Each structure stands twice: as structure tokens, then as C-alpha cells.
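Just data.pdb here, PDB, C-alpha atoms:
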```
MODEL        1
ATOM      1  CA  MET V1340       0.166   8.259  30.042
ATOM      2  CA  LEU V1341       1.035   9.992  26.761
ATOM      3  CA  ARG V1342       3.687   8.432  24.577
ATOM      4  CA  PHE V1343       5.030   9.447  21.175
ATOM      5  CA  GLU V1344       7.088   6.757  19.466
ATOM      6  CA  ASN V1345       9.166   7.796  16.421
ATOM      7  CA  VAL V1346       6.499  10.160  15.120
ATOM      8  CA  ASP V1347       6.857  11.971  11.796
ATOM      9  CA  LEU V1348       4.481  14.652  10.529
ATOM     10  CA  HIS V1349       4.381  16.177   7.060
ATOM     11  CA  TYR V1350       2.597  19.241   5.765
ATOM     12  CA  GLY V1351       2.724  18.395   2.085
ATOM     13  CA  SER V1352       6.423  17.997   1.291
ATOM     14  CA  PHE V1353       7.503  19.808   4.464
ATOM     15  CA  ARG V1354       8.570  17.547   7.330
ATOM     16  CA  ALA V1355       7.336  19.274  10.498
ATOM     17  CA  LEU V1356       8.220  16.471  12.933
ATOM     18  CA  SER V1357      11.005  13.956  12.520
ATOM     19  CA  ASP V1358      11.323  10.784  14.623
ATOM     20  CA  VAL V1359       9.826  12.418  17.730
ATOM     21  CA  SER V1360       9.725  10.253  20.849
ATOM     22  CA  LEU V1361       8.588  11.637  24.188
ATOM     23  CA  HIS V1362       6.398  10.715  27.116
ATOM     24  CA  ALA V1363       4.479  12.259  30.008
ATOM     25  CA  GLU V1364       3.648  10.063  32.984
ATOM     26  CA  PRO V1365       0.706  10.446  35.396
ATOM     27  CA  GLY V1366       1.164  13.399  37.726
ATOM     28  CA  GLU V1367       4.074  14.912  35.832
ATOM     29  CA  LEU V1368       4.508  18.465  34.611
ATOM     30  CA  VAL V1369       6.636  18.171  31.488
ATOM     31  CA  VAL V1370       7.914  21.178  29.544
ATOM     32  CA  LEU V1371       8.539  21.267  25.807
ATOM     33  CA  LEU V1372      11.016  24.039  25.043
ATOM     34  CA  GLY V1373      11.634  25.426  21.591
ATOM     35  CA  ALA V1374      11.718  28.557  19.513
ATOM     36  CA  ASN V1375       8.785  29.706  17.415
ATOM     37  CA  GLY V1376       8.332  27.219  14.571
ATOM     38  CA  ALA V1377      10.381  24.468  16.212
ATOM     39  CA  GLY V1378       7.483  21.989  16.206
ATOM     40  CA  LYS V1379       5.848  22.380  19.614
ATOM     41  CA  THR V1380       2.397  23.163  18.221
ATOM     42  CA  SER V1381       2.722  20.378  15.645
ATOM     43  CA  ILE V1382       3.221  17.905  18.500
ATOM     44  CA  PHE V1383       0.116  19.179  20.239
ATOM     45  CA  MET V1384      -2.020  19.209  17.091
ATOM     46  CA  THR V1385      -0.950  15.651  16.339
ATOM     47  CA  ALA V1386      -1.704  14.463  19.872
ATOM     48  CA  SER V1387      -5.129  16.139  19.641
ATOM     49  CA  GLY V1388      -6.033  14.303  16.444
ATOM     50  CA  ILE V1389      -6.137  17.445  14.307
ATOM     51  CA  HIS V1390      -3.131  16.321  12.251
ATOM     52  CA  LYS V1391      -2.395  12.711  11.368
ATOM     53  CA  PRO V1392       1.197  11.486  11.731
ATOM     54  CA  SER V1393       2.860  10.101   8.626
ATOM     55  CA  ALA V1394       4.862   7.614  10.700
ATOM     56  CA  GLY V1395       5.132   6.399  14.274
ATOM     57  CA  ARG V1396       2.673   5.714  17.076
ATOM     58  CA  ILE V1397       0.880   7.862  19.648
ATOM     59  CA  ARG V1398      -0.686   6.251  22.705
ATOM     60  CA  PHE V1399      -2.684   7.755  25.539
ATOM     61  CA  ASN V1400      -3.309   5.638  28.625
ATOM     62  CA  GLY V1401      -2.265   2.614  26.576
ATOM     63  CA  ARG V1402      -4.786   3.369  23.831
ATOM     64  CA  GLU V1403      -3.760   4.047  20.246
ATOM     65  CA  LEU V1404      -4.862   7.501  19.117
ATOM     66  CA  ALA V1405      -4.597   6.693  15.414
ATOM     67  CA  GLY V1406      -8.014   7.026  13.803
ATOM     68  CA  GLN V1407      -9.572   8.732  16.820
ATOM     69  CA  ARG V1408     -11.527  11.929  16.191
ATOM     70  CA  PRO V1409     -10.586  15.025  18.230
ATOM     71  CA  ALA V1410     -13.851  14.834  20.214
ATOM     72  CA  GLN V1411     -13.101  11.218  21.148
ATOM     73  CA  ILE V1412      -9.621  12.201  22.287
ATOM     74  CA  VAL V1413     -11.045  14.980  24.476
ATOM     75  CA  ALA V1414     -13.618  12.590  25.926
ATOM     76  CA  ALA V1415     -10.765  10.211  26.803
ATOM     77  CA  GLY V1416      -9.164  12.982  28.868
ATOM     78  CA  LEU V1417      -6.556  14.607  26.610
ATOM     79  CA  VAL V1418      -7.410  18.310  26.278
ATOM     80  CA  HIS V1419      -5.547  20.978  24.311
ATOM     81  CA  CYS V1420      -5.405  24.669  25.297
ATOM     82  CA  PRO V1421      -4.162  26.273  22.063
ATOM     83  CA  GLU V1422      -1.686  29.046  21.454
ATOM     84  CA  GLY V1423      -3.379  32.400  20.917
ATOM     85  CA  ARG V1424      -6.343  31.603  23.204
ATOM     86  CA  LYS V1425      -8.864  31.163  20.335
ATOM     87  CA  LEU V1426     -11.762  32.670  22.303
ATOM     88  CA  PHE V1427     -15.071  33.873  20.884
ATOM     89  CA  PRO V1428     -14.690  37.597  21.670
ATOM     90  CA  MET V1429     -18.364  38.589  21.428
ATOM     91  CA  MET V1430     -19.535  35.748  23.652
ATOM     92  CA  SER V1431     -19.530  36.053  27.419
ATOM     93  CA  VAL V1432     -16.797  34.628  29.586
ATOM     94  CA  ARG V1433     -19.225  32.061  30.949
ATOM     95  CA  LYS V1434     -20.300  30.893  27.494
ATOM     96  CA  ASN V1435     -16.680  30.573  26.386
ATOM     97  CA  LEU V1436     -15.985  28.426  29.431
ATOM     98  CA  THR V1437     -19.045  26.262  28.820
ATOM     99  CA  LEU V1438     -17.917  25.477  25.272
ATOM    100  CA  GLY V1439     -15.040  23.541  26.774
ATOM    101  CA  ALA V1440     -17.521  21.118  28.317
ATOM    102  CA  TYR V1441     -19.154  20.152  25.008
ATOM    103  CA  VAL V1442     -18.306  16.460  25.319
ATOM    104  CA  HIS V1443     -19.875  16.519  28.814
ATOM    105  CA  ARG V1444     -22.852  18.688  27.816
ATOM    106  CA  ARG V1445     -25.457  16.336  29.287
ATOM    107  CA  ASP V1446     -23.926  16.622  32.766
ATOM    108  CA  LYS V1447     -25.277  20.039  33.734
ATOM    109  CA  ALA V1448     -24.442  19.678  37.427
ATOM    110  CA  GLY V1449     -20.911  18.569  36.597
ATOM    111  CA  ILE V1450     -20.436  21.548  34.290
ATOM    112  CA  GLN V1451     -21.462  23.921  37.073
ATOM    113  CA  ARG V1452     -19.023  22.257  39.469
ATOM    114  CA  SER V1453     -16.245  22.648  36.911
ATOM    115  CA  ILE V1454     -17.107  26.317  36.383
ATOM    116  CA  ASP V1455     -17.018  26.872  40.134
ATOM    117  CA  GLU V1456     -13.578  25.236  40.248
ATOM    118  CA  VAL V1457     -12.339  27.557  37.489
ATOM    119  CA  PHE V1458     -13.695  30.557  39.396
ATOM    120  CA  GLY V1459     -11.782  29.279  42.430
ATOM    121  CA  LEU V1460      -8.569  29.312  40.403
ATOM    122  CA  PHE V1461      -9.330  32.638  38.690
ATOM    123  CA  PRO V1462     -11.636  34.717  40.954
ATOM    124  CA  ILE V1463     -11.625  37.652  38.519
ATOM    125  CA  LEU V1464     -13.483  35.505  35.976
ATOM    126  CA  GLU V1465     -16.441  35.097  38.315
ATOM    127  CA  LYS V1466     -16.761  38.880  38.499
ATOM    128  CA  LYS V1467     -16.525  39.153  34.728
ATOM    129  CA  GLN V1468     -18.464  36.038  33.764
ATOM    130  CA  ASN V1469     -21.136  38.000  31.880
ATOM    131  CA  ASP V1470     -18.696  40.317  30.083
ATOM    132  CA  PRO V1471     -17.683  39.682  26.460
ATOM    133  CA  ALA V1472     -14.446  37.711  26.433
ATOM    134  CA  GLY V1473     -12.977  40.213  23.967
ATOM    135  CA  SER V1474     -13.281  43.012  26.517
ATOM    136  CA  LEU V1475     -10.859  41.328  28.941
ATOM    137  CA  SER V1476      -7.154  42.008  29.265
ATOM    138  CA  GLY V1477      -4.714  39.600  27.633
ATOM    139  CA  GLY V1478      -3.981  37.906  30.927
ATOM    140  CA  GLN V1479      -7.654  37.486  31.738
ATOM    141  CA  GLN V1480      -8.300  36.047  28.289
ATOM    142  CA  GLN V1481      -5.553  33.496  28.904
ATOM    143  CA  MET V1482      -7.297  32.569  32.156
ATOM    144  CA  VAL V1483     -10.508  31.985  30.188
ATOM    145  CA  ALA V1484      -8.629  29.804  27.692
ATOM    146  CA  ILE V1485      -7.137  27.665  30.471
ATOM    147  CA  GLY V1486     -10.487  27.538  32.242
ATOM    148  CA  ARG V1487     -12.246  26.420  29.065
ATOM    149  CA  ALA V1488      -9.740  23.582  28.706
ATOM    150  CA  LEU V1489     -10.377  22.550  32.312
ATOM    151  CA  LEU V1490     -14.094  22.256  31.522
ATOM    152  CA  GLY V1491     -13.088  19.319  29.325
ATOM    153  CA  ARG V1492     -12.024  17.511  32.541
ATOM    154  CA  PRO V1493      -8.504  16.701  31.380
ATOM    155  CA  LYS V1494      -6.439  13.864  32.700
ATOM    156  CA  LEU V1495      -3.634  15.362  30.628
ATOM    157  CA  LEU V1496      -3.657  19.058  29.744
ATOM    158  CA  LEU V1497      -1.693  20.336  26.747
ATOM    159  CA  LEU V1498      -0.850  24.016  27.260
ATOM    160  CA  ASP V1499       0.589  25.782  24.216
ATOM    161  CA  GLU V1500       2.523  28.994  24.981
ATOM    162  CA  PRO V1501       0.279  30.265  27.824
ATOM    163  CA  SER V1502       2.687  33.104  28.671
ATOM    164  CA  LEU V1503       2.809  34.530  25.137
ATOM    165  CA  GLY V1504       2.329  38.293  25.122
ATOM    166  CA  LEU V1505       1.671  38.603  28.859
ATOM    167  CA  ALA V1506       3.247  41.016  31.325
ATOM    168  CA  PRO V1507       5.785  39.465  33.750
ATOM    169  CA  LEU V1508       3.490  39.741  36.781
ATOM    170  CA  VAL V1509       0.652  38.027  34.898
ATOM    171  CA  VAL V1510       3.034  35.326  33.675
ATOM    172  CA  LYS V1511       3.948  34.611  37.290
ATOM    173  CA  GLN V1512       0.265  34.301  38.234
ATOM    174  CA  VAL V1513      -0.515  32.018  35.290
ATOM    175  CA  PHE V1514       2.406  29.699  36.050
ATOM    176  CA  GLU V1515       1.397  29.512  39.708
ATOM    177  CA  VAL V1516      -2.054  28.335  38.629
ATOM    178  CA  ILE V1517      -0.578  25.798  36.195
ATOM    179  CA  GLN V1518       1.451  24.377  39.062
ATOM    180  CA  ARG V1519      -1.678  24.196  41.236
ATOM    181  CA  ILE V1520      -3.553  22.374  38.457
ATOM    182  CA  ASN V1521      -0.724  19.843  38.258
ATOM    183  CA  GLN V1522      -0.479  19.432  42.029
ATOM    184  CA  ALA V1523      -4.225  18.730  42.128
ATOM    185  CA  GLY V1524      -3.619  15.660  39.967
ATOM    186  CA  THR V1525      -3.744  16.732  36.316
ATOM    187  CA  THR V1526      -0.763  15.761  34.187
ATOM    188  CA  VAL V1527       0.505  18.759  32.188
ATOM    189  CA  LEU V1528       2.537  19.000  28.987
ATOM    190  CA  LEU V1529       3.549  22.642  28.672
ATOM    191  CA  ALA V1530       5.012  24.114  25.470
ATOM    192  CA  GLU V1531       6.939  27.298  26.179
ATOM    193  CA  GLN V1532       9.632  29.698  25.029
ATOM    194  CA  ASN V1533       9.761  31.235  28.522
ATOM    195  CA  ALA V1534      12.222  28.624  29.692
ATOM    196  CA  TYR V1535      13.089  29.918  33.137
ATOM    197  CA  SER V1536       9.484  30.247  34.353
ATOM    198  CA  ALA V1537       8.470  26.935  32.790
ATOM    199  CA  LEU V1538      11.419  24.939  34.133
ATOM    200  CA  ALA V1539      10.880  26.419  37.601
ATOM    201  CA  ILE V1540       7.650  24.402  37.920
ATOM    202  CA  ALA V1541       8.573  21.380  35.759
ATOM    203  CA  HIS V1542       9.587  17.862  36.647
ATOM    204  CA  ARG V1543      11.199  17.121  33.279
ATOM    205  CA  ALA V1544      11.694  18.845  29.941
ATOM    206  CA  TYR V1545      12.456  18.282  26.271
ATOM    207  CA  VAL V1546      14.074  20.668  23.814
ATOM    208  CA  ILE V1547      12.804  20.591  20.236
ATOM    209  CA  GLU V1548      14.619  22.169  17.298
ATOM    210  CA  ARG V1549      13.492  22.026  13.658
ATOM    211  CA  GLY V1550      11.041  19.226  14.405
ATOM    212  CA  ARG V1551      13.476  17.001  16.314
ATOM    213  CA  ILE V1552      13.912  16.347  20.019
ATOM    214  CA  THR V1553      17.515  17.358  20.673
ATOM    215  CA  LEU V1554      17.744  17.221  24.460
ATOM    216  CA  GLU V1555      15.833  15.886  27.446
ATOM    217  CA  GLY V1556      16.364  15.827  31.166
ATOM    218  CA  ASP V1557      15.059  16.793  34.563
ATOM    219  CA  ARG V1558      14.465  20.406  35.585
ATOM    220  CA  ASP V1559      17.817  20.995  37.236
ATOM    221  CA  SER V1560      19.896  19.472  34.453
ATOM    222  CA  LEU V1561      18.267  21.686  31.844
ATOM    223  CA  LEU V1562      18.367  24.815  33.985
ATOM    224  CA  ASN V1563      22.108  24.265  34.371
ATOM    225  CA  ASN V1564      22.741  23.267  30.760
ATOM    226  CA  GLU V1565      24.886  25.932  29.107
ATOM    227  CA  ALA V1566      23.301  25.497  25.665
ATOM    228  CA  VAL V1567      19.783  25.796  27.106
ATOM    229  CA  ARG V1568      20.749  28.839  29.146
ATOM    230  CA  ALA V1569      22.297  30.532  26.135
ATOM    231  CA  ALA V1570      19.353  29.807  23.842
ATOM    232  CA  TYR V1571      16.383  30.276  26.152
ATOM    233  CA  ILE V1572      17.332  31.797  29.504
ATOM    234  CA  GLY V1573      20.291  34.115  29.099
ATOM    235  CA  GLY V1574      23.063  34.778  31.537
TER     236      GLY V1574
ENDMDL
END
```
Now that the file is in, can you turn its structure into C-alpha cells?
Amino acid sequence: MLRFENVDLHYGSFRALSDVSLHAEPGELVVLLGANGAGKTSIFMTASGIHKPSAGRIRFNGRELAGQRPAQIVAAGLVHCPEGRKLFPMMSVRKNLTLGAYVHRRDKAGIQRSIDEVFGLFPILEKKQNDPAGSLSGGQQQMVAIGRALLGRPKLLLLDEPSLGLAPLVVKQVFEVIQRINQAGTTVLLAEQNAYSALAIAHRAYVIERGRITLEGDRDSLLNNEAVRAAYIGG
């Protein structure tokens, strides 16, 4: 579904990604593990068309993404939920959600169905749909961010650090919903530092360090890998 082939990315003279190759197949939940600054967000921004690779190829459903505008990539079904939520705090929860459906804005009935589906995943958002997004707790704001991405009707959902700054109980709830989204048929590429929680719901995973993929494997092999445990899990 999504395939990076020997991708490099430069920010000026700085090489943010180096010879990155990875893939996510239909129905998979794939985790991208790495410390802050390792290159996880750079991968997502490149897949989304925000940054242009300096070398390599990126394909989505067999289609080259080179030269595609971000809106075209979203319309094709690749949707990015960014790190830090990036909500409009003075706008209502409902309006923030609706912004995610911009590429589908003519389909009013479909937008309402998608909003209802998000409320089914996150019932608290229905109760707070008219409240300013900035008045919500951190966990509730993350729910809005995920919900807004779902309004884009993703075939593949890129989730960048959804557990960042959340209390453990909220992290558990968010990861349960991510697993439900995947089980309902959406492919997920999840970038995380919270390795244990992420690997618990993953099919496969990659480890990225200083812009390079250094390790890949299935969930169990990475959970039992001593280097991964020492760096990301502990114990």
C-alpha cells in the first residue's frame, strides 16, 4: 500500500533521512519506533507531500507520490494526524472535525456519517462538540485530532506520537481506539516513543535512528529484542 524505496530527505545541508525503505500493506498496523528527532516526523511529512525527497521513490497503492500536492494525497486516501494535535483552539470541536473533511466538502451527508462514526469511537466528543477545542483536556484534544484525520476517510492513517503528553490511562484508551480503527479496515502507520503500548497492538515495526532504519521485525521479535527493550521499554 505505502512503500518507501531508498528515500533521502535534506533540510538544506542537513540529511534528515538516509536511504529509508519501508512498507505498510493493506490491513496492517505498523509501528515506527524512534527517539525524538530520529526522523519519524520527516517520514510522515515526506509521505504527505509536505517535504519533497531528494532521492528515492514513494508509492501509495502503486501510484507515485512525487509531484502530488498534499490535498491530492489526502484525496487518494493517505491522511496524516500530526504530532502536537494542531487544533484550532477557539473553534468548536465539531468545526475542527469538519476541517478534516475538506477534500470531501461537497458530500454533506457523508461528512455527517463520518462525524457520527467519530462520536461512536469517542462519545465524550459528542457531548463537547460545541465547546472550544482549546477548553478540552489533552486526551480529549488528541481524540479530536484523530477524529479530524478520520474525516479525511483514510485508507492509510499516519499517526504521529498520539500518546505524547497523555496520562497512562488515557494512553491506554487512545491505543485501544487505534486498534479498533485498524481492525475496522484502515491501515495504520504509527510513529511512537511509547514502544511497549505501540508494539502491543502492532503487526510489524521499524526502528529509526538518526534518519536510518536500523531494525525491522514482527511485534514479538522487537518486544523480545534486548536492544529495543533497553532503549525504549526498560527492564
Practice prompt. Give the answer as one residue: which of V:Ile1412, V:Val1418, V:Val1370, V:Ala1506 has the shortest atom-to-atom distance to V:Gly1556, using only C-alpha atoms?
Written response: V:Val1370
Distance query V:Glu1555 at most 8 Å, all atoms listed in the file, self and fewer than 6 positions along chain excluded, as a PDB file with C-alpha atoms, in the frame of the given file:
```pdb
ATOM      1  CA  ARG V1543      11.199  17.121  33.279  1.00  0.00           C
ATOM      2  CA  ALA V1544      11.694  18.845  29.941  1.00  0.00           C
ATOM      3  CA  TYR V1545      12.456  18.282  26.271  1.00  0.00           C
ATOM      4  CA  VAL V1546      14.074  20.668  23.814  1.00  0.00           C
ATOM      5  CA  LEU V1561      18.267  21.686  31.844  1.00  0.00           C
TER       6      LEU V1561
END
```
Given the point (4.3, 28.6, 22.2) in the coordinates of this file, which residues lie within 10 Å, counting all atoms listed in the file, and how would they look as an mmCIF file with C-alpha atoms, in the coordinates of the input?
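The result, written out as result14.cif:
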```cif
data_model
loop_
_atom_site.group_PDB
_atom_site.id
_atom_site.type_symbol
_atom_site.label_atom_id
_atom_site.label_comp_id
_atom_site.auth_asym_id
_atom_site.auth_seq_id
_atom_site.Cartn_x
_atom_site.Cartn_y
_atom_site.Cartn_z
ATOM 1 C CA LEU V 1371 8.539 21.267 25.807
ATOM 2 C CA LEU V 1372 11.016 24.039 25.043
ATOM 3 C CA GLY V 1373 11.634 25.426 21.591
ATOM 4 C CA ALA V 1374 11.718 28.557 19.513
ATOM 5 C CA ASN V 1375 8.785 29.706 17.415
ATOM 6 C CA GLY V 1376 8.332 27.219 14.571
ATOM 7 C CA ALA V 1377 10.381 24.468 16.212
ATOM 8 C CA GLY V 1378 7.483 21.989 16.206
ATOM 9 C CA LYS V 1379 5.848 22.380 19.614
ATOM 10 C CA THR V 1380 2.397 23.163 18.221
ATOM 11 C CA PRO V 1421 -4.162 26.273 22.063
ATOM 12 C CA GLU V 1422 -1.686 29.046 21.454
ATOM 13 C CA GLY V 1423 -3.379 32.400 20.917
ATOM 14 C CA LEU V 1498 -0.850 24.016 27.260
ATOM 15 C CA ASP V 1499 0.589 25.782 24.216
ATOM 16 C CA GLU V 1500 2.523 28.994 24.981
ATOM 17 C CA PRO V 1501 0.279 30.265 27.824
ATOM 18 C CA SER V 1502 2.687 33.104 28.671
ATOM 19 C CA LEU V 1503 2.809 34.530 25.137
ATOM 20 C CA LEU V 1529 3.549 22.642 28.672
ATOM 21 C CA ALA V 1530 5.012 24.114 25.470
ATOM 22 C CA GLU V 1531 6.939 27.298 26.179
ATOM 23 C CA GLN V 1532 9.632 29.698 25.029
ATOM 24 C CA ASN V 1533 9.761 31.235 28.522
#
```
Worksheet item: Once the PyMOL selection byres ((chain V and resi 1442) around 7) has been applied to the shown file, what residues remain in the selection, as a ChimeraX atom specification?
Response: /V:1410,1414,1440-1441,1443-1444
Worksheet item: Taking only C-alpha atoms into account, which of V:Gly1504, V:Asp1557, V:Arg1551, V:Tyr1571 comes nearest V:Ser1536?
Response: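 Selected residue with least distance to V:Ser1536: V:Tyr1571.
Across the chains present, the PyMOL selection byres ((chain V and resi 1438) around 10) applied to this file returns Leu1426, Phe1427, Arg1433, Lys1434, Asn1435, Leu1436, Thr1437, Gly1439, Ala1440, Tyr1441, Val1442, His1443, Arg1444, Arg1487, Ala1488, Leu1490 and Gly1491 of chain V.
Residues lying within 12 Å of (-5.1, 18.3, 40.9). Counted over all atoms listed in the file, they are V:Pro1365, V:Gly1366, V:Glu1367, V:Leu1368, V:Glu1456, V:Leu1460, V:Leu1489, V:Arg1492, V:Pro1493, V:Lys1494, V:Leu1495, V:Leu1496, V:Val1516, V:Ile1517, V:Gln1518, V:Arg1519, V:Ile1520, V:Asn1521, V:Gln1522, V:Ala1523, V:Gly1524, V:Thr1525, V:Thr1526, V:Val1527.
Take the PyMOL selection byres ((chain V and resi 1343-1352) around 9) and apply it to this file: it picks Leu1341, Arg1342, Phe1353, Arg1354, Ala1355, Leu1356, Ser1357, Asp1358, Val1359, Ser1360, Leu1361, His1362, Ser1381, Ile1382, Thr1385, Ala1386, His1390, Lys1391, Pro1392, Ser1393, Ala1394, Gly1395, Arg1396, Ile1397, Arg1398 and Gly1550 of chain V.
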How about completing stretch 1487-1512 of chain V with N, CA, C and O atoms and giving it to me as an mmCIF file, keeping the file's coordinate frame?
```
data_model
loop_
_atom_site.group_PDB
_atom_site.id
_atom_site.type_symbol
_atom_site.label_atom_id
_atom_site.label_comp_id
_atom_site.auth_asym_id
_atom_site.auth_seq_id
_atom_site.Cartn_x
_atom_site.Cartn_y
_atom_site.Cartn_z
ATOM 1 N N ARG V 1487 -11.456 27.168 30.053
ATOM 2 C CA ARG V 1487 -12.246 26.420 29.065
ATOM 3 C C ARG V 1487 -11.679 25.017 28.872
ATOM 4 O O ARG V 1487 -12.432 24.040 28.792
ATOM 5 N N ALA V 1488 -10.352 24.906 28.829
ATOM 6 C CA ALA V 1488 -9.740 23.582 28.706
ATOM 7 C C ALA V 1488 -10.053 22.719 29.915
ATOM 8 O O ALA V 1488 -10.304 21.510 29.789
ATOM 9 N N LEU V 1489 -10.070 23.313 31.097
ATOM 10 C CA LEU V 1489 -10.377 22.550 32.312
ATOM 11 C C LEU V 1489 -11.813 22.037 32.323
ATOM 12 O O LEU V 1489 -12.108 21.024 32.958
ATOM 13 N N LEU V 1490 -12.705 22.736 31.624
ATOM 14 C CA LEU V 1490 -14.094 22.256 31.522
ATOM 15 C C LEU V 1490 -14.169 20.938 30.763
ATOM 16 O O LEU V 1490 -15.167 20.223 30.863
ATOM 17 N N GLY V 1491 -13.136 20.616 29.994
ATOM 18 C CA GLY V 1491 -13.088 19.319 29.325
ATOM 19 C C GLY V 1491 -12.697 18.177 30.244
ATOM 20 O O GLY V 1491 -12.640 17.036 29.817
ATOM 21 N N ARG V 1492 -12.399 18.487 31.520
ATOM 22 C CA ARG V 1492 -12.024 17.511 32.541
ATOM 23 C C ARG V 1492 -10.785 16.703 32.135
ATOM 24 O O ARG V 1492 -10.806 15.476 32.051
ATOM 25 N N PRO V 1493 -9.695 17.396 31.883
ATOM 26 C CA PRO V 1493 -8.504 16.701 31.380
ATOM 27 C C PRO V 1493 -7.848 15.809 32.420
ATOM 28 O O PRO V 1493 -7.742 16.158 33.588
ATOM 29 N N LYS V 1494 -7.396 14.661 31.948
ATOM 30 C CA LYS V 1494 -6.439 13.864 32.700
ATOM 31 C C LYS V 1494 -5.030 14.334 32.351
ATOM 32 O O LYS V 1494 -4.133 14.299 33.178
ATOM 33 N N LEU V 1495 -4.874 14.762 31.093
ATOM 34 C CA LEU V 1495 -3.634 15.362 30.628
ATOM 35 C C LEU V 1495 -3.983 16.643 29.882
ATOM 36 O O LEU V 1495 -4.792 16.633 28.963
ATOM 37 N N LEU V 1496 -3.384 17.739 30.314
ATOM 38 C CA LEU V 1496 -3.657 19.058 29.744
ATOM 39 C C LEU V 1496 -2.461 19.502 28.915
ATOM 40 O O LEU V 1496 -1.335 19.582 29.409
ATOM 41 N N LEU V 1497 -2.702 19.790 27.642
ATOM 42 C CA LEU V 1497 -1.693 20.336 26.747
ATOM 43 C C LEU V 1497 -1.834 21.850 26.735
ATOM 44 O O LEU V 1497 -2.861 22.378 26.304
ATOM 45 N N LEU V 1498 -0.823 22.552 27.198
ATOM 46 C CA LEU V 1498 -0.850 24.016 27.260
ATOM 47 C C LEU V 1498 0.182 24.570 26.291
ATOM 48 O O LEU V 1498 1.388 24.374 26.471
ATOM 49 N N ASP V 1499 -0.289 25.288 25.277
ATOM 50 C CA ASP V 1499 0.589 25.782 24.216
ATOM 51 C C ASP V 1499 0.846 27.274 24.396
ATOM 52 O O ASP V 1499 -0.032 28.098 24.166
ATOM 53 N N GLU V 1500 2.058 27.615 24.835
ATOM 54 C CA GLU V 1500 2.523 28.994 24.981
ATOM 55 C C GLU V 1500 1.567 29.875 25.816
ATOM 56 O O GLU V 1500 1.143 30.947 25.379
ATOM 57 N N PRO V 1501 1.220 29.463 27.036
ATOM 58 C CA PRO V 1501 0.279 30.265 27.824
ATOM 59 C C PRO V 1501 0.808 31.619 28.249
ATOM 60 O O PRO V 1501 0.013 32.505 28.594
ATOM 61 N N SER V 1502 2.134 31.818 28.230
ATOM 62 C CA SER V 1502 2.687 33.104 28.671
ATOM 63 C C SER V 1502 2.856 34.103 27.533
ATOM 64 O O SER V 1502 3.256 35.249 27.770
ATOM 65 N N LEU V 1503 2.530 33.700 26.309
ATOM 66 C CA LEU V 1503 2.809 34.530 25.137
ATOM 67 C C LEU V 1503 2.096 35.880 25.226
ATOM 68 O O LEU V 1503 0.874 35.955 25.373
ATOM 69 N N GLY V 1504 2.878 36.949 25.157
ATOM 70 C CA GLY V 1504 2.329 38.293 25.122
ATOM 71 C C GLY V 1504 1.861 38.852 26.451
ATOM 72 O O GLY V 1504 1.248 39.922 26.488
ATOM 73 N N LEU V 1505 2.159 38.160 27.550
ATOM 74 C CA LEU V 1505 1.671 38.603 28.859
ATOM 75 C C LEU V 1505 2.761 39.351 29.624
ATOM 76 O O LEU V 1505 3.953 39.091 29.465
ATOM 77 N N ALA V 1506 2.323 40.281 30.469
ATOM 78 C CA ALA V 1506 3.247 41.016 31.325
ATOM 79 C C ALA V 1506 3.874 40.078 32.358
ATOM 80 O O ALA V 1506 3.256 39.076 32.748
ATOM 81 N N PRO V 1507 5.092 40.376 32.822
ATOM 82 C CA PRO V 1507 5.785 39.465 33.750
ATOM 83 C C PRO V 1507 4.976 39.098 34.991
ATOM 84 O O PRO V 1507 4.992 37.933 35.417
ATOM 85 N N LEU V 1508 4.267 40.048 35.579
ATOM 86 C CA LEU V 1508 3.490 39.741 36.781
ATOM 87 C C LEU V 1508 2.365 38.772 36.463
ATOM 88 O O LEU V 1508 2.081 37.842 37.242
ATOM 89 N N VAL V 1509 1.729 38.928 35.306
ATOM 90 C CA VAL V 1509 0.652 38.027 34.898
ATOM 91 C C VAL V 1509 1.213 36.647 34.582
ATOM 92 O O VAL V 1509 0.598 35.626 34.910
ATOM 93 N N VAL V 1510 2.387 36.609 33.949
ATOM 94 C CA VAL V 1510 3.034 35.326 33.675
ATOM 95 C C VAL V 1510 3.247 34.566 34.978
ATOM 96 O O VAL V 1510 2.965 33.367 35.063
ATOM 97 N N LYS V 1511 3.718 35.247 35.992
ATOM 98 C CA LYS V 1511 3.948 34.611 37.290
ATOM 99 C C LYS V 1511 2.647 34.021 37.839
ATOM 100 O O LYS V 1511 2.623 32.887 38.324
ATOM 101 N N GLN V 1512 1.548 34.777 37.730
ATOM 102 C CA GLN V 1512 0.265 34.301 38.234
ATOM 103 C C GLN V 1512 -0.216 33.083 37.453
ATOM 104 O O GLN V 1512 -0.700 32.101 38.038
#
```
